[in-house]
Amino acid sequence: MVCCILPNTLKNYAAGLACFTKFCDDFIIPESEHMPASELLLTTFITTHGAGSVGKGAIKTWLLGVELWHRINDAPWHGGAVLQRAVEGSAKLAPVSSRRAKRDPVTIEHLHCLRLHLDLTNSFDIAVFAVVCAAFWCCCR
């Protein structure tokens, strides 16, 4: 199962699992309660270790890492509605530095401008333009 996950994603999942393990050690949670982790334990982990320090994306990645650890070990996953509410609430406390400002959308005019500056006799430029067009029109759909 681990081989199906991209190395960078796996590294981020491992960081989440390390944070969870450190949290359990800091609060002297018995190892027998680490897995399967109760929804209360997972919620406490997120609200005490993630709230106010990281953004929603990091919190979700941490939980995906802990969930993968459970799945690999064939343990039940108890992430439910309460945990999701904790994630949403914790995300609202994230520092401003964890969010990026919205960017202007890409428009058809951008595609025209790009097209004018590419050499469509060059195979690399053709590939770039094809990928850009596919991505643009897929997002529009």
# chains A, B, ... in the order shown; residues from 1 in each chain; ligands from 1
$ residues_around --residues "segment 38-47 of chain A" --least-positions-apart "2" --cutoff "10 Å" --atoms "only C-alpha atoms" --output "mmCIF file with N, CA, C and O atoms, in the first residue's frame"
data_model
loop_
_atom_site.group_PDB
_atom_site.id
_atom_site.type_symbol
_atom_site.label_atom_id
_atom_site.label_comp_id
_atom_site.auth_asym_id
_atom_site.auth_seq_id
_atom_site.Cartn_x
_atom_site.Cartn_y
_atom_site.Cartn_z
ATOM 1 N N CYS A 19 4.077 13.454 14.438
ATOM 2 C CA CYS A 19 3.412 14.438 15.316
ATOM 3 C C CYS A 19 2.420 13.740 16.236
ATOM 4 O O CYS A 19 2.334 14.057 17.430
ATOM 5 N N PHE A 20 1.675 12.790 15.681
ATOM 6 C CA PHE A 20 0.690 12.063 16.480
ATOM 7 C C PHE A 20 1.387 11.251 17.572
ATOM 8 O O PHE A 20 0.958 11.251 18.731
ATOM 9 N N THR A 21 2.458 10.579 17.217
ATOM 10 C CA THR A 21 3.199 9.772 18.184
ATOM 11 C C THR A 21 3.789 10.654 19.287
ATOM 12 O O THR A 21 3.716 10.312 20.477
ATOM 13 N N LYS A 22 4.343 11.802 18.902
ATOM 14 C CA LYS A 22 4.892 12.732 19.896
ATOM 15 C C LYS A 22 3.778 13.243 20.815
ATOM 16 O O LYS A 22 3.969 13.331 22.034
ATOM 17 N N PHE A 23 2.639 13.565 20.230
ATOM 18 C CA PHE A 23 1.492 14.009 21.028
ATOM 19 C C PHE A 23 1.122 12.939 22.059
ATOM 20 O O PHE A 23 0.930 13.235 23.240
ATOM 21 N N CYS A 24 1.033 11.696 21.613
ATOM 22 C CA CYS A 24 0.676 10.597 22.524
ATOM 23 C C CYS A 24 1.719 10.422 23.621
ATOM 24 O O CYS A 24 1.371 10.184 24.784
ATOM 25 N N PHE A 27 1.470 13.309 26.227
ATOM 26 C CA PHE A 27 0.308 13.201 27.106
ATOM 27 C C PHE A 27 0.190 11.821 27.761
ATOM 28 O O PHE A 27 -0.836 11.486 28.342
ATOM 29 N N ILE A 29 -0.181 8.802 26.650
ATOM 30 C CA ILE A 29 -1.273 7.952 26.171
ATOM 31 C C ILE A 29 -0.710 6.539 26.029
ATOM 32 O O ILE A 29 0.309 6.353 25.351
ATOM 33 N N GLU A 33 -3.743 2.486 23.124
ATOM 34 C CA GLU A 33 -4.775 3.419 22.667
ATOM 35 C C GLU A 33 -4.359 4.200 21.418
ATOM 36 O O GLU A 33 -5.172 4.922 20.843
ATOM 37 N N HIS A 34 -3.114 4.015 20.984
ATOM 38 C CA HIS A 34 -2.649 4.691 19.771
ATOM 39 C C HIS A 34 -3.343 4.138 18.537
ATOM 40 O O HIS A 34 -3.595 4.863 17.587
ATOM 41 N N MET A 35 -3.609 2.832 18.567
ATOM 42 C CA MET A 35 -4.234 2.189 17.415
ATOM 43 C C MET A 35 -5.073 1.022 17.889
ATOM 44 O O MET A 35 -4.533 0.145 18.558
ATOM 45 N N PRO A 36 -6.349 0.995 17.565
ATOM 46 C CA PRO A 36 -7.034 2.060 16.843
ATOM 47 C C PRO A 36 -7.261 3.267 17.745
ATOM 48 O O PRO A 36 -7.644 3.139 18.904
ATOM 49 N N HIS A 49 -2.578 20.066 19.135
ATOM 50 C CA HIS A 49 -1.283 20.082 18.459
ATOM 51 C C HIS A 49 -1.318 20.858 17.146
ATOM 52 O O HIS A 49 -0.286 21.342 16.694
ATOM 53 N N GLY A 50 -2.494 20.974 16.521
ATOM 54 C CA GLY A 50 -2.563 21.627 15.221
ATOM 55 C C GLY A 50 -3.188 23.008 15.246
ATOM 56 O O GLY A 50 -2.780 23.890 14.501
ATOM 57 N N ALA A 51 -4.186 23.191 16.112
ATOM 58 C CA ALA A 51 -4.918 24.463 16.133
ATOM 59 C C ALA A 51 -3.999 25.625 16.441
ATOM 60 O O ALA A 51 -3.244 25.595 17.407
ATOM 61 N N GLY A 52 -4.049 26.637 15.603
ATOM 62 C CA GLY A 52 -3.259 27.833 15.833
ATOM 63 C C GLY A 52 -1.819 27.744 15.391
ATOM 64 O O GLY A 52 -1.089 28.728 15.447
ATOM 65 N N ILE A 59 -3.121 19.936 8.642
ATOM 66 C CA ILE A 59 -3.907 19.124 9.572
ATOM 67 C C ILE A 59 -4.487 17.916 8.852
ATOM 68 O O ILE A 59 -4.420 16.786 9.350
ATOM 69 N N LYS A 60 -5.046 18.144 7.663
ATOM 70 C CA LYS A 60 -5.624 17.026 6.904
ATOM 71 C C LYS A 60 -4.548 16.017 6.511
ATOM 72 O O LYS A 60 -4.782 14.809 6.552
ATOM 73 N N TRP A 62 -1.762 15.412 8.146
ATOM 74 C CA TRP A 62 -1.422 14.660 9.360
ATOM 75 C C TRP A 62 -2.414 13.523 9.569
ATOM 76 O O TRP A 62 -2.024 12.389 9.843
ATOM 77 N N LEU A 63 -3.685 13.845 9.450
ATOM 78 C CA LEU A 63 -4.710 12.821 9.681
ATOM 79 C C LEU A 63 -4.661 11.722 8.622
ATOM 80 O O LEU A 63 -4.873 10.550 8.934
ATOM 81 N N VAL A 66 -1.962 9.329 9.698
ATOM 82 C CA VAL A 66 -2.399 8.457 10.799
ATOM 83 C C VAL A 66 -3.411 7.439 10.276
ATOM 84 O O VAL A 66 -3.376 6.264 10.653
ATOM 85 N N PRO A 76 -9.358 -0.372 12.608
ATOM 86 C CA PRO A 76 -10.475 0.507 12.242
ATOM 87 C C PRO A 76 -10.094 1.979 12.393
ATOM 88 O O PRO A 76 -9.334 2.346 13.285
ATOM 89 N N TRP A 77 -10.641 2.794 11.508
ATOM 90 C CA TRP A 77 -10.397 4.239 11.540
ATOM 91 C C TRP A 77 -11.639 4.910 12.103
ATOM 92 O O TRP A 77 -12.741 4.719 11.596
ATOM 93 N N HIS A 78 -11.461 5.710 13.136
ATOM 94 C CA HIS A 78 -12.597 6.327 13.826
ATOM 95 C C HIS A 78 -12.712 7.829 13.545
ATOM 96 O O HIS A 78 -13.171 8.578 14.396
ATOM 97 N N GLY A 79 -12.294 8.249 12.359
ATOM 98 C CA GLY A 79 -12.440 9.652 11.985
ATOM 99 C C GLY A 79 -13.863 9.905 11.520
ATOM 100 O O GLY A 79 -14.262 9.433 10.468
ATOM 101 N N GLY A 80 -14.634 10.627 12.313
ATOM 102 C CA GLY A 80 -16.030 10.886 11.985
ATOM 103 C C GLY A 80 -16.361 12.362 11.991
ATOM 104 O O GLY A 80 -15.490 13.230 11.824
ATOM 105 N N ALA A 81 -17.635 12.644 12.222
ATOM 106 C CA ALA A 81 -18.147 14.018 12.161
ATOM 107 C C ALA A 81 -17.502 14.931 13.197
ATOM 108 O O ALA A 81 -17.201 16.091 12.911
ATOM 109 N N VAL A 82 -17.267 14.418 14.396
ATOM 110 C CA VAL A 82 -16.666 15.245 15.449
ATOM 111 C C VAL A 82 -15.252 15.651 15.048
ATOM 112 O O VAL A 82 -14.849 16.818 15.212
ATOM 113 N N LEU A 83 -14.504 14.711 14.506
ATOM 114 C CA LEU A 83 -13.137 15.014 14.063
ATOM 115 C C LEU A 83 -13.159 16.052 12.936
ATOM 116 O O LEU A 83 -12.340 16.971 12.929
ATOM 117 N N GLN A 84 -14.084 15.911 12.008
ATOM 118 C CA GLN A 84 -14.175 16.880 10.913
ATOM 119 C C GLN A 84 -14.481 18.285 11.423
ATOM 120 O O GLN A 84 -13.943 19.275 10.947
ATOM 121 N N ARG A 85 -15.341 18.371 12.427
ATOM 122 C CA ARG A 85 -15.649 19.680 13.033
ATOM 123 C C ARG A 85 -14.400 20.250 13.712
ATOM 124 O O ARG A 85 -14.147 21.443 13.671
ATOM 125 N N ALA A 86 -13.628 19.390 14.349
ATOM 126 C CA ALA A 86 -12.390 19.838 15.001
ATOM 127 C C ALA A 86 -11.397 20.357 13.967
ATOM 128 O O ALA A 86 -10.711 21.355 14.203
ATOM 129 N N VAL A 87 -11.322 19.686 12.822
ATOM 130 C CA VAL A 87 -10.432 20.133 11.748
ATOM 131 C C VAL A 87 -10.863 21.510 11.257
ATOM 132 O O VAL A 87 -10.038 22.423 11.110
ATOM 133 N N GLY A 89 -12.671 23.784 12.841
ATOM 134 C CA GLY A 89 -12.435 24.775 13.890
ATOM 135 C C GLY A 89 -10.972 25.108 14.053
ATOM 136 O O GLY A 89 -10.600 26.284 14.206
ATOM 137 N N SER A 90 -10.122 24.099 14.004
ATOM 138 C CA SER A 90 -8.681 24.327 14.140
ATOM 139 C C SER A 90 -8.137 25.135 12.973
ATOM 140 O O SER A 90 -7.245 25.963 13.146
ATOM 141 N N ALA A 91 -8.689 24.889 11.786
ATOM 142 C CA ALA A 91 -8.236 25.617 10.599
ATOM 143 C C ALA A 91 -8.518 27.111 10.723
ATOM 144 O O ALA A 91 -7.762 27.933 10.211
ATOM 145 N N LEU A 93 -8.202 28.826 13.292
ATOM 146 C CA LEU A 93 -7.198 29.416 14.182
ATOM 147 C C LEU A 93 -5.807 29.444 13.564
ATOM 148 O O LEU A 93 -4.849 29.854 14.211
#
$ select_by_dssp --residues "chain A" --states "alpha helix (DSSP H)" --output "PyMOL selection string"
chain A and resi 7-26+39-45+56-72+81-92+108-116+123-140
$ closest_residue --among "A:Leu64, A:Ser53, A:His70, A:Arg115" --to "Ala127 of chain A" --atoms "only C-alpha atoms"
A:Arg115
$ closest_residue --among "A:Ile126, A:Leu10, A:Leu118, A:Val106" --to "Trp69 of chain A" --atoms "only C-alpha atoms"
A:Leu10
$ atom_distance --atom1 "atom CA of Ala58 of chain A" --atom2 "atom CA of Lys102 of chain A"
18.5 Å
